[in-house]
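File shown: final.csv. Contents: CSV, C-alpha atoms.
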chain,number,residue,atom,x,y,z
A,1,MET,CA,89.7,129.2,79.6
A,2,LYS,CA,87.5,129.5,76.6
A,3,ALA,CA,86.2,132.9,75.2
A,4,VAL,CA,83.9,133.9,72.4
A,5,LEU,CA,83.8,136.9,70.1
A,6,ALA,CA,80.4,137.4,68.5
A,7,LEU,CA,79.3,140.0,66.0
A,8,ALA,CA,75.9,141.7,65.7
A,9,ASP,CA,75.3,140.1,62.3
A,10,GLY,CA,75.5,136.6,63.7
A,11,LYS,CA,79.1,135.7,63.0
A,12,TYR,CA,81.1,134.3,66.0
A,13,PHE,CA,84.5,133.0,66.8
A,14,THR,CA,85.7,130.7,69.6
A,15,GLY,CA,89.1,131.1,71.1
A,16,LYS,CA,90.9,131.4,74.5
A,17,ALA,CA,90.6,134.1,77.1
A,18,LEU,CA,93.4,136.6,77.2
A,19,GLY,CA,93.9,139.4,79.8
A,20,ALA,CA,91.0,140.0,82.2
A,21,ILE,CA,88.1,137.6,82.6
A,22,GLY,CA,84.7,139.2,81.8
A,23,GLU,CA,82.5,140.6,79.0
A,24,VAL,CA,82.8,143.7,76.9
A,25,THR,CA,81.0,145.2,73.9
A,26,GLY,CA,82.3,147.7,71.3
A,27,GLU,CA,82.8,148.3,67.6
A,28,VAL,CA,85.0,145.5,66.2
A,29,VAL,CA,87.8,147.0,64.0
A,30,PHE,CA,91.2,146.0,62.8
A,31,ASN,CA,94.7,147.5,62.8
A,32,THR,CA,97.4,146.4,60.3
A,33,SER,CA,100.4,147.6,62.2
A,34,MET,CA,103.1,144.9,62.8
A,35,THR,CA,104.4,146.6,66.0
A,36,GLY,CA,103.2,149.3,68.4
A,37,TYR,CA,100.5,147.3,70.2
A,38,GLN,CA,101.2,149.1,73.5
A,39,GLU,CA,100.7,152.5,71.9
A,40,ILE,CA,97.5,151.2,70.3
A,41,LEU,CA,96.2,149.9,73.6
A,42,THR,CA,96.7,153.3,75.2
A,43,ASP,CA,95.5,155.6,72.4
A,44,PRO,CA,92.2,157.2,73.7
A,45,SER,CA,91.0,157.3,70.1
A,46,TYR,CA,90.2,153.6,70.4
A,47,HIS,CA,87.7,154.2,73.2
A,48,GLY,CA,84.5,152.2,72.5
A,49,GLU,CA,86.3,149.8,70.1
A,50,ILE,CA,87.4,146.2,70.1
A,51,VAL,CA,90.7,146.2,68.3
A,52,THR,CA,91.9,143.2,66.2
A,53,MET,CA,95.6,143.0,65.3
A,54,THR,CA,96.1,141.6,61.8
A,55,TYR,CA,99.8,140.6,62.5
A,56,PRO,CA,99.7,137.0,63.7
A,57,GLN,CA,101.8,137.2,66.9
A,58,ILE,CA,101.5,140.1,69.3
A,59,GLY,CA,103.5,140.7,72.5
A,60,ASN,CA,106.9,139.6,71.2
A,61,TYR,CA,108.7,142.5,72.8
A,62,GLY,CA,106.5,142.8,75.9
A,63,VAL,CA,105.3,146.0,77.6
A,64,ASN,CA,107.2,148.8,79.3
A,65,PRO,CA,106.1,151.9,81.2
A,66,GLU,CA,107.7,154.3,78.6
A,67,ASP,CA,105.6,153.4,75.5
A,68,VAL,CA,102.2,154.4,76.8
A,69,GLU,CA,100.2,157.2,75.0
A,70,SER,CA,97.9,158.1,77.9
A,71,SER,CA,97.2,157.3,81.5
A,72,ARG,CA,95.7,153.9,80.8
A,73,PRO,CA,94.3,151.7,78.0
A,74,PHE,CA,91.0,153.1,76.7
A,75,LEU,CA,89.9,150.5,74.2
A,76,SER,CA,87.0,148.1,75.0
A,77,GLY,CA,88.7,144.8,74.1
A,78,PHE,CA,91.6,143.3,72.2
A,79,VAL,CA,91.8,140.4,69.7
A,80,VAL,CA,95.0,138.6,68.6
A,81,LYS,CA,95.8,135.4,66.7
A,82,GLU,CA,98.6,134.5,69.2
A,83,SER,CA,99.9,136.2,72.3
A,84,CYS,CA,103.6,135.8,73.0
A,85,PRO,CA,103.9,134.5,76.6
A,86,PHE,CA,107.7,135.0,76.8
A,87,PRO,CA,108.6,138.4,75.4
A,88,SER,CA,112.2,139.2,74.6
A,89,ASN,CA,113.4,142.8,74.8
A,90,PHE,CA,115.8,144.8,77.0
A,91,ARG,CA,113.0,147.4,77.7
A,92,SER,CA,110.3,144.9,78.6
A,93,THR,CA,108.9,144.8,82.1
A,94,MET,CA,106.0,142.5,81.7
A,95,SER,CA,104.1,140.4,79.2
A,96,LEU,CA,101.1,141.5,77.1
A,97,ASP,CA,98.8,139.2,79.0
A,98,ALA,CA,99.9,140.5,82.4
A,99,TYR,CA,99.5,144.1,81.2
A,100,LEU,CA,95.9,143.4,80.0
A,101,LYS,CA,95.1,141.7,83.3
A,102,ASP,CA,96.5,144.6,85.3
A,103,ASN,CA,94.4,147.1,83.3
A,104,ASN,CA,91.2,144.9,83.3
A,105,ILE,CA,91.1,144.6,79.5
A,106,VAL,CA,89.0,141.6,78.3
A,107,SER,CA,90.7,140.0,75.3
A,108,ILE,CA,90.7,136.9,73.2
A,109,GLU,CA,93.3,134.9,71.3
A,110,GLY,CA,93.4,131.8,69.2
A,111,ILE,CA,90.8,132.8,66.6
A,112,ASP,CA,91.3,133.0,62.9
A,113,THR,CA,91.9,136.8,62.7
A,114,ARG,CA,92.3,136.5,58.9
A,115,ALA,CA,88.7,135.3,58.6
A,116,LEU,CA,87.5,138.0,61.0
A,117,VAL,CA,89.3,140.8,59.1
A,118,ARG,CA,88.0,139.5,55.7
A,119,HIS,CA,84.5,139.5,57.1
A,120,ILE,CA,84.8,143.0,58.4
A,121,ARG,CA,86.2,144.2,55.1
A,122,THR,CA,83.2,142.6,53.4
A,123,VAL,CA,80.3,143.6,55.6
A,124,GLY,CA,81.8,146.5,57.4
A,125,ALA,CA,82.8,147.3,61.0
A,126,GLN,CA,80.0,146.5,63.5
A,127,THR,CA,79.2,146.1,67.1
A,128,GLY,CA,80.6,142.9,68.8
A,129,ILE,CA,81.2,141.3,72.1
A,130,ILE,CA,84.0,139.4,73.8
A,131,SER,CA,83.0,137.1,76.7
A,132,SER,CA,84.8,134.6,78.8
A,133,THR,CA,81.8,134.2,81.2
A,134,ASP,CA,78.9,133.7,78.8
A,135,LEU,CA,80.0,131.2,76.1
A,136,ASP,CA,76.6,130.9,74.4
A,137,PRO,CA,76.9,132.3,70.9
A,138,GLY,CA,73.2,133.0,70.6
A,139,SER,CA,73.1,134.9,73.8
A,140,LEU,CA,76.2,136.9,72.9
A,141,ILE,CA,74.9,137.8,69.4
A,142,GLU,CA,71.8,139.2,70.9
A,143,LYS,CA,73.8,141.2,73.4
A,144,ALA,CA,75.9,142.6,70.6
A,145,ARG,CA,72.7,143.6,68.7
A,146,GLN,CA,71.5,145.4,71.8
A,147,ALA,CA,74.7,147.3,72.5
A,148,PRO,CA,74.9,151.0,71.5
A,149,SER,CA,76.6,152.0,68.3
A,150,ILE,CA,79.4,154.6,68.3
A,151,VAL,CA,77.5,156.7,65.7
A,152,GLY,CA,75.9,159.7,67.3
A,153,ARG,CA,77.6,159.2,70.7
A,154,ASP,CA,79.9,161.7,72.4
A,155,LEU,CA,82.8,159.6,73.4
A,156,VAL,CA,85.1,162.6,73.9
A,157,LYS,CA,83.5,163.5,77.2
A,158,GLU,CA,84.6,160.1,78.5
A,159,VAL,CA,88.3,160.5,77.7
A,160,THR,CA,89.1,164.2,78.0
A,161,CYS,CA,91.0,165.7,80.9
A,162,LYS,CA,89.1,167.2,83.8
A,163,GLU,CA,91.4,170.2,84.4
A,164,PRO,CA,94.0,172.1,82.4
A,165,TYR,CA,97.6,171.0,82.7
A,166,GLN,CA,101.0,171.7,81.2
A,167,THR,CA,103.7,169.4,80.0
A,168,SER,CA,107.4,169.8,79.4
A,169,GLU,CA,108.3,166.3,78.2
A,170,GLY,CA,110.1,166.1,74.9
A,171,VAL,CA,110.5,163.2,72.4
A,172,TRP,CA,112.2,159.9,73.3
A,173,THR,CA,115.7,158.9,72.3
A,174,LEU,CA,117.5,155.6,72.9
A,175,GLY,CA,119.6,155.6,76.0
A,176,LYS,CA,118.2,158.9,77.2
A,177,GLY,CA,114.5,158.4,77.4
A,178,TYR,CA,112.2,161.4,77.2
A,179,ALA,CA,113.8,164.8,77.0
A,180,ASP,CA,113.2,167.3,79.8
A,181,CYS,CA,112.3,170.6,78.1
A,182,SER,CA,111.4,172.4,81.3
A,183,GLN,CA,114.6,174.5,81.4
A,184,VAL,CA,114.3,175.5,77.7
A,185,LYS,CA,112.7,178.9,77.1
A,186,PRO,CA,109.6,178.3,74.8
A,187,LEU,CA,109.2,180.3,71.6
A,188,TYR,CA,105.4,179.8,71.3
A,189,ASN,CA,102.4,179.4,73.6
A,190,VAL,CA,100.1,176.7,72.3
A,191,VAL,CA,96.7,175.7,73.8
A,192,ALA,CA,95.8,172.1,73.0
A,193,TYR,CA,92.2,170.9,73.1
A,194,ASP,CA,92.1,167.4,74.6
A,195,PHE,CA,89.6,165.3,72.7
A,196,GLY,CA,91.6,162.2,73.6
A,197,ILE,CA,95.1,163.5,73.0
A,198,LYS,CA,98.2,161.3,72.6
A,199,ARG,CA,101.3,162.1,74.6
A,200,ASN,CA,103.6,161.9,71.6
A,201,ILE,CA,101.7,164.8,70.0
A,202,LEU,CA,102.5,166.9,73.1
A,203,ARG,CA,106.1,165.7,73.0
A,204,ASN,CA,106.5,166.8,69.4
A,205,LEU,CA,105.0,170.2,70.1
A,206,THR,CA,107.2,170.7,73.2
A,207,THR,CA,110.4,169.6,71.3
A,208,ILE,CA,109.9,172.2,68.6
A,209,GLY,CA,109.7,175.0,71.1
A,210,CYS,CA,106.1,175.2,72.2
A,211,ALA,CA,104.9,175.7,75.8
A,212,VAL,CA,101.7,173.6,75.7
A,213,THR,CA,98.7,174.0,77.9
A,214,VAL,CA,96.2,171.1,77.5
A,215,VAL,CA,92.5,172.0,78.2
A,216,PRO,CA,89.3,170.0,78.5
A,217,ALA,CA,87.3,169.4,75.3
A,218,GLU,CA,84.5,171.8,76.4
A,219,THR,CA,86.7,174.8,77.2
A,220,PRO,CA,85.0,177.9,75.7
A,221,ALA,CA,86.8,179.7,72.9
A,222,GLU,CA,86.8,182.9,75.0
A,223,VAL,CA,88.7,181.2,77.7
A,224,VAL,CA,91.3,179.9,75.2
A,225,LEU,CA,91.7,183.3,73.6
A,226,ASN,CA,92.2,184.9,77.1
A,227,MET,CA,95.2,182.6,77.5
A,228,LYS,CA,96.9,184.6,74.6
A,229,PRO,CA,98.0,181.6,72.6
A,230,ASP,CA,100.2,181.8,69.5
A,231,GLY,CA,98.4,178.8,68.2
A,232,VAL,CA,95.6,176.3,69.0
A,233,PHE,CA,95.9,172.5,68.5
A,234,LEU,CA,92.9,170.2,67.9
A,235,SER,CA,93.7,166.7,69.1
A,236,ASN,CA,92.8,163.2,68.0
A,237,GLY,CA,90.0,161.5,69.8
A,238,PRO,CA,87.4,158.7,69.6
A,239,GLY,CA,84.2,158.2,67.7
A,240,ASP,CA,81.8,160.3,65.7
A,241,PRO,CA,82.6,164.0,65.3
A,242,GLU,CA,79.1,165.1,64.3
A,243,PRO,CA,77.6,165.2,67.9
A,244,LEU,CA,80.4,167.3,69.2
A,245,HIS,CA,78.6,170.6,68.7
A,246,TYR,CA,80.4,172.4,71.5
A,247,ALA,CA,83.8,171.7,69.9
A,248,GLN,CA,82.5,172.8,66.4
A,249,GLU,CA,81.2,176.1,67.8
A,250,ASN,CA,84.4,176.8,69.7
A,251,ILE,CA,86.5,176.2,66.6
A,252,ARG,CA,84.3,178.5,64.5
A,253,GLU,CA,84.9,181.3,67.1
A,254,LEU,CA,88.7,180.7,66.9
A,255,LEU,CA,89.0,180.6,63.1
A,256,GLY,CA,90.7,183.7,61.8
A,257,LYS,CA,91.8,184.8,65.3
A,258,VAL,CA,94.6,182.4,65.9
A,259,PRO,CA,96.5,179.7,63.9
A,260,ILE,CA,95.0,176.3,64.2
A,261,PHE,CA,96.4,172.8,63.6
A,262,GLY,CA,94.3,169.7,63.8
A,263,ILE,CA,95.0,165.9,63.8
A,264,CYS,CA,92.5,163.1,63.2
A,265,LEU,CA,89.3,164.0,65.1
A,266,GLY,CA,90.6,167.5,65.2
A,267,HIS,CA,90.8,167.5,61.4
A,268,GLN,CA,87.2,166.3,61.1
A,269,LEU,CA,86.0,168.9,63.6
A,270,LEU,CA,87.9,171.7,61.8
A,271,SER,CA,86.2,170.5,58.5
A,272,ILE,CA,82.7,170.6,60.1
A,273,ALA,CA,83.3,174.0,61.7
A,274,SER,CA,84.3,175.3,58.2
A,275,GLY,CA,81.1,174.1,56.7
A,276,GLY,CA,81.9,170.5,55.7
A,277,ARG,CA,80.4,167.2,56.7
A,278,THR,CA,81.7,163.7,57.7
A,279,TYR,CA,80.6,160.2,57.0
A,280,LYS,CA,81.3,156.8,58.4
A,281,LEU,CA,83.8,154.6,56.5
A,282,LYS,CA,82.9,151.0,55.9
A,283,PHE,CA,85.8,149.6,58.0
A,284,GLY,CA,88.0,152.6,58.6
A,285,HIS,CA,91.8,153.2,58.3
A,286,ARG,CA,93.9,151.8,61.1
A,287,GLY,CA,97.5,150.9,60.8
A,288,GLY,CA,101.0,152.2,60.2
A,289,ASN,CA,101.2,151.7,56.4
A,290,GLN,CA,98.6,154.0,54.8
A,291,PRO,CA,99.9,155.8,51.7
A,292,VAL,CA,99.0,159.5,51.5
A,293,LEU,CA,99.8,162.0,48.7
A,294,ASP,CA,100.8,165.5,49.7
A,295,TYR,CA,99.6,167.7,46.8
A,296,LYS,CA,101.9,170.6,47.6
A,297,ARG,CA,105.1,168.7,47.8
A,298,GLN,CA,104.0,166.0,45.3
A,299,ARG,CA,105.4,163.4,47.7
A,300,VAL,CA,103.9,160.2,49.0
A,301,GLU,CA,104.0,159.6,52.7
A,302,ILE,CA,103.5,156.3,54.5
A,303,THR,CA,101.4,157.2,57.5
A,304,SER,CA,100.0,156.0,60.8
A,305,GLN,CA,96.2,156.2,60.9
A,306,ASN,CA,93.3,155.4,63.2
A,307,HIS,CA,89.9,156.6,62.2
A,308,GLY,CA,86.4,155.3,61.3
A,309,PHE,CA,85.0,158.5,59.9
A,310,ALA,CA,86.1,160.7,57.0
A,311,VAL,CA,85.5,164.2,55.6
A,312,ASP,CA,83.2,164.5,52.6
A,313,GLU,CA,85.2,166.3,50.0
A,314,LYS,CA,82.2,167.5,48.1
A,315,SER,CA,80.8,169.2,51.2
A,316,LEU,CA,83.8,171.5,51.7
A,317,PRO,CA,83.2,175.2,51.0
A,318,GLY,CA,85.3,177.2,48.5
A,319,GLN,CA,87.6,178.7,51.2
A,320,VAL,CA,88.9,175.2,52.1
A,321,LYS,CA,91.1,173.2,49.8
A,322,VAL,CA,92.2,169.6,50.1
A,323,THR,CA,95.9,169.2,50.6
A,324,HIS,CA,96.3,165.4,51.1
A,325,ILE,CA,94.5,162.3,49.8
A,326,ASN,CA,94.6,158.7,50.7
A,327,LEU,CA,96.0,156.7,47.8
A,328,ASN,CA,94.1,153.5,48.7
A,329,ASP,CA,90.6,155.0,48.4
A,330,ASN,CA,91.0,158.8,47.6
A,331,THR,CA,89.5,159.9,50.9
A,332,VAL,CA,90.4,163.3,52.2
A,333,GLU,CA,93.6,163.3,54.4
A,334,GLY,CA,94.3,167.0,54.8
A,335,ILE,CA,92.8,170.4,54.4
A,336,GLN,CA,93.9,174.0,54.5
A,337,HIS,CA,91.9,177.2,54.9
A,338,LEU,CA,92.5,179.9,52.2
A,339,SER,CA,91.0,182.7,54.4
A,340,SER,CA,92.3,181.7,57.9
A,341,PRO,CA,95.6,180.4,59.3
A,342,ALA,CA,94.3,176.8,59.8
A,343,PHE,CA,95.2,173.4,58.5
A,344,SER,CA,94.7,169.8,59.5
A,345,VAL,CA,95.4,166.2,58.6
A,346,GLN,CA,93.5,163.0,59.1
A,347,TYR,CA,96.5,160.9,59.8
A,348,HIS,CA,99.0,160.9,62.7
A,349,PRO,CA,102.3,162.7,62.0
A,350,GLU,CA,103.5,162.0,65.6
A,351,ALA,CA,103.4,158.3,64.7
A,352,SER,CA,103.8,156.3,67.9
A,353,PRO,CA,103.3,153.7,66.5
A,354,GLY,CA,104.1,154.2,62.8
A,355,PRO,CA,106.5,155.9,60.4
A,356,HIS,CA,107.8,159.4,60.8
A,357,ASP,CA,107.3,160.6,57.2
A,358,ALA,CA,104.9,163.4,58.2
A,359,GLN,CA,106.7,165.1,61.2
A,360,TYR,CA,107.3,168.1,59.0
A,361,LEU,CA,103.7,169.1,59.8
A,362,PHE,CA,104.7,170.2,63.3
A,363,GLU,CA,107.3,172.5,61.7
A,364,ARG,CA,104.6,173.9,59.4
A,365,PHE,CA,102.5,174.8,62.4
A,366,VAL,CA,105.5,176.7,63.9
A,367,GLU,CA,106.0,178.5,60.6
A,368,MET,CA,102.3,179.5,60.6
A,369,MET,CA,102.5,180.8,64.2
A,370,GLU,CA,105.6,182.8,63.4
A,371,LYS,CA,104.0,184.4,60.4
A,372,HIS,CA,100.9,185.2,62.3
A,373,LYS,CA,103.0,186.9,65.1
A,374,ARG,CA,104.7,189.0,62.4
A,375,GLY,CA,101.4,189.9,60.7
A,376,ILE,CA,102.3,188.2,57.5
A,377,ASN,CA,99.6,186.8,55.2
A,378,HIS,CA,100.3,183.1,55.4
A,379,ALA,CA,96.9,181.5,54.7
A,380,GLU,CA,98.2,179.9,51.6
A,381,ALA,CA,101.8,179.3,52.8
File written out as structure tokens:
Amino acid sequence: MKAVLALADGKYFTGKALGAIGEVTGEVVFNTSMTGYQEILTDPSYHGEIVTMTYPQIGNYGVNPEDVESSRPFLSGFVVKESCPFPSNFRSTMSLDAYLKDNNIVSIEGIDTRALVRHIRTVGAQTGIISSTDLDPGSLIEKARQAPSIVGRDLVKEVTCKEPYQTSEGVWTLGKGYADCSQVKPLYNVVAYDFGIKRNILRNLTTIGCAVTVVPAETPAEVVLNMKPDGVFLSNGPGDPEPLHYAQENIRELLGKVPIFGICLGHQLLSIASGGRTYKLKFGHRGGNQPVLDYKRQRVEITSQNHGFAVDEKSLPGQVKVTHINLNDNTVEGIQHLSSPAFSVQYHPEASPGPHDAQYLFERFVEMMEKHKRGINHAEA
């Protein structure tokens, strides 16, 4: 069955329907990871986006129930050059196409993804539409133009949990699966704000000795402090950080009272709460191969990233210093407070998918919490 991908600027591509039959709109972006498509599909940070994979064949190793990063896929649509119909892997339980169908994800394959990505890099990410029901390019282009932008929208409210919950699942190992940390006495009590949190972040926190309570995005700071946390984690999530005023205000109230660690959207929100600003990138950073320089260690990390907004370095106040930069475009990849126990990074140290170069950051969070418990001045540690 035919399908069409159309962009708001008038560009369109004709291919074959993949996954569910239907029609969806979203911001068309691209991810340069060679593997990890299942983790990408289930990352809530992609809510509101149509994700294009640059690697030419996707689905080679199938799909399995262990590699999901949330309760379900949250992205709007999926675009690949070629979907593998016969996956080969001992962990596979179904094909990519079957998984997309089961989760009602409208997708397209068989288009020139190289041409699409080159176009996005030239003109920037923009709203688009995938349809296997309406095949008229003119009609679809007009629908794409009428669809809402992700700028200025609060997408977090659509992905956050409804009630607090706790987790005791540790990291995965071959042959053993995910570790059960329920019988291990935790060393630290961490409250994690769910702006669209990935499960592997929670697994990493649990594995290093944290009892983690996940709370909805709008949970007041007073409620969090009443839980007596040793630290507060600010999660990843979708879309524009600027309209999330409730989150920014809660973070301001928490600063200086408890150690804070933020990732991705959490990094942007911490920056705004500290007096900084964010701006929309032309086409964002999405992939498992982004080089980042850690100023403190003078080391380059290859990182996993997924974001369309960035922190404006010039807007950051004096009590905040930049700790990491992206070596492709010099955008801010990490900050640290000089007056409060708080730090954050724009990239994903939990990987899933991606390299594991930055997992030391979870240990840095533990060190910060330990020093805070002992009353040690650790703001610049």
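When only C-alpha atoms are used to measure the gap to Lys228 (chain A), the shortest distance among A:His324, A:Lys373, A:Arg364, A:Arg297 belongs to A:Lys373.
Distances to Phe362 (chain A) were evaluated for A:His348, A:Arg153, A:Arg199, A:His47 using all atoms listed in the file, and the minimum falls at A:His348.
The list of residues within 8 Å of (99.8, 132.7, 72.1), counted using all atoms listed in the file, is A:Gln57, A:Lys81, A:Glu82, A:Ser83, A:Cys84, A:Pro85, A:Glu109, A:Gly110.
In this structure, CA of Glu333 (chain A) sits 18.3 Å away from CA of Ser352 (chain A).
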Checklist entry - Counting all atoms listed in the file, what is within 10 Å of region 103-108 of chain A, bar same-chain residues fewer than 3 positions away, as an MDAnalysis selection string? => result chainID A and resid 2:5 13:25 41 50:52 72:83 97:100 111 129:132
Next on the checklist: If I take CA of Glu39 (chain A) and CA of Glu242 (chain A), how far is one from the other in Å, to one decimal?
Outcome noted: 26.1 Å
At most 9 Å is the cut-off: for each residue in region 318-378 of chain A with any atom that close to an atom of region 273-291 of chain A, write down the nearest atom pair and the distance in Å rounded to one decimal, counting only C-alpha atoms, chain first then increasing number, as CSV.
residue,atom,partner,partner_atom,distance
A:Gln319,CA,A:Ser274,CA,8.5
A:Val320,CA,A:Ser274,CA,7.6
A:Ile325,CA,A:Pro291,CA,8.7
A:Asn326,CA,A:Pro291,CA,6.1
A:Leu327,CA,A:Pro291,CA,5.6
A:Asn328,CA,A:Pro291,CA,6.9
A:His337,CA,A:Ser274,CA,8.5
A:Tyr347,CA,A:Gln290,CA,8.8
A:Ala351,CA,A:Gly288,CA,8.0
A:Pro353,CA,A:Gly288,CA,6.9
A:Gly354,CA,A:Gly288,CA,4.5
A:Pro355,CA,A:Gly288,CA,6.6
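For the set A:Tyr246, A:Tyr12, A:Tyr360, A:Phe343, the residue with the smallest atom-to-atom gap to Ser271 (chain A) is A:Phe343, counting all atoms listed in the file.
All polymer residues at most 12 Å from (107.4, 147.3, 78.4), using only C-alpha atoms, appear as Gly36, Tyr37, Gln38, Glu39, Gly59, Asn60, Tyr61, Gly62, Val63, Asn64, Pro65, Glu66, Asp67, Val68, Pro87, Ser88, Asn89, Phe90, Arg91, Ser92, Thr93, Met94, Ser95, Leu96, Asp97, Ala98 and Tyr99 of chain A.
You will find CA of Glu370 (chain A) at 17.4 Å from CA of Leu254 (chain A).
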Next on the checklist: For Met369 (chain A), find every residue with an atom within 9 Å (counting all atoms listed in the file), except residues of its own chain fewer than 4 positions away, and show them as a VMD selection string.
Outcome noted: chain A and resid 188 230 to 231 258 to 260 341 364 to 365 373 to 374
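Counting only C-alpha atoms, the residue from A:Val300, A:Met227, A:Leu155, A:Leu135 that sits nearest to Val190 (chain A) is A:Met227.
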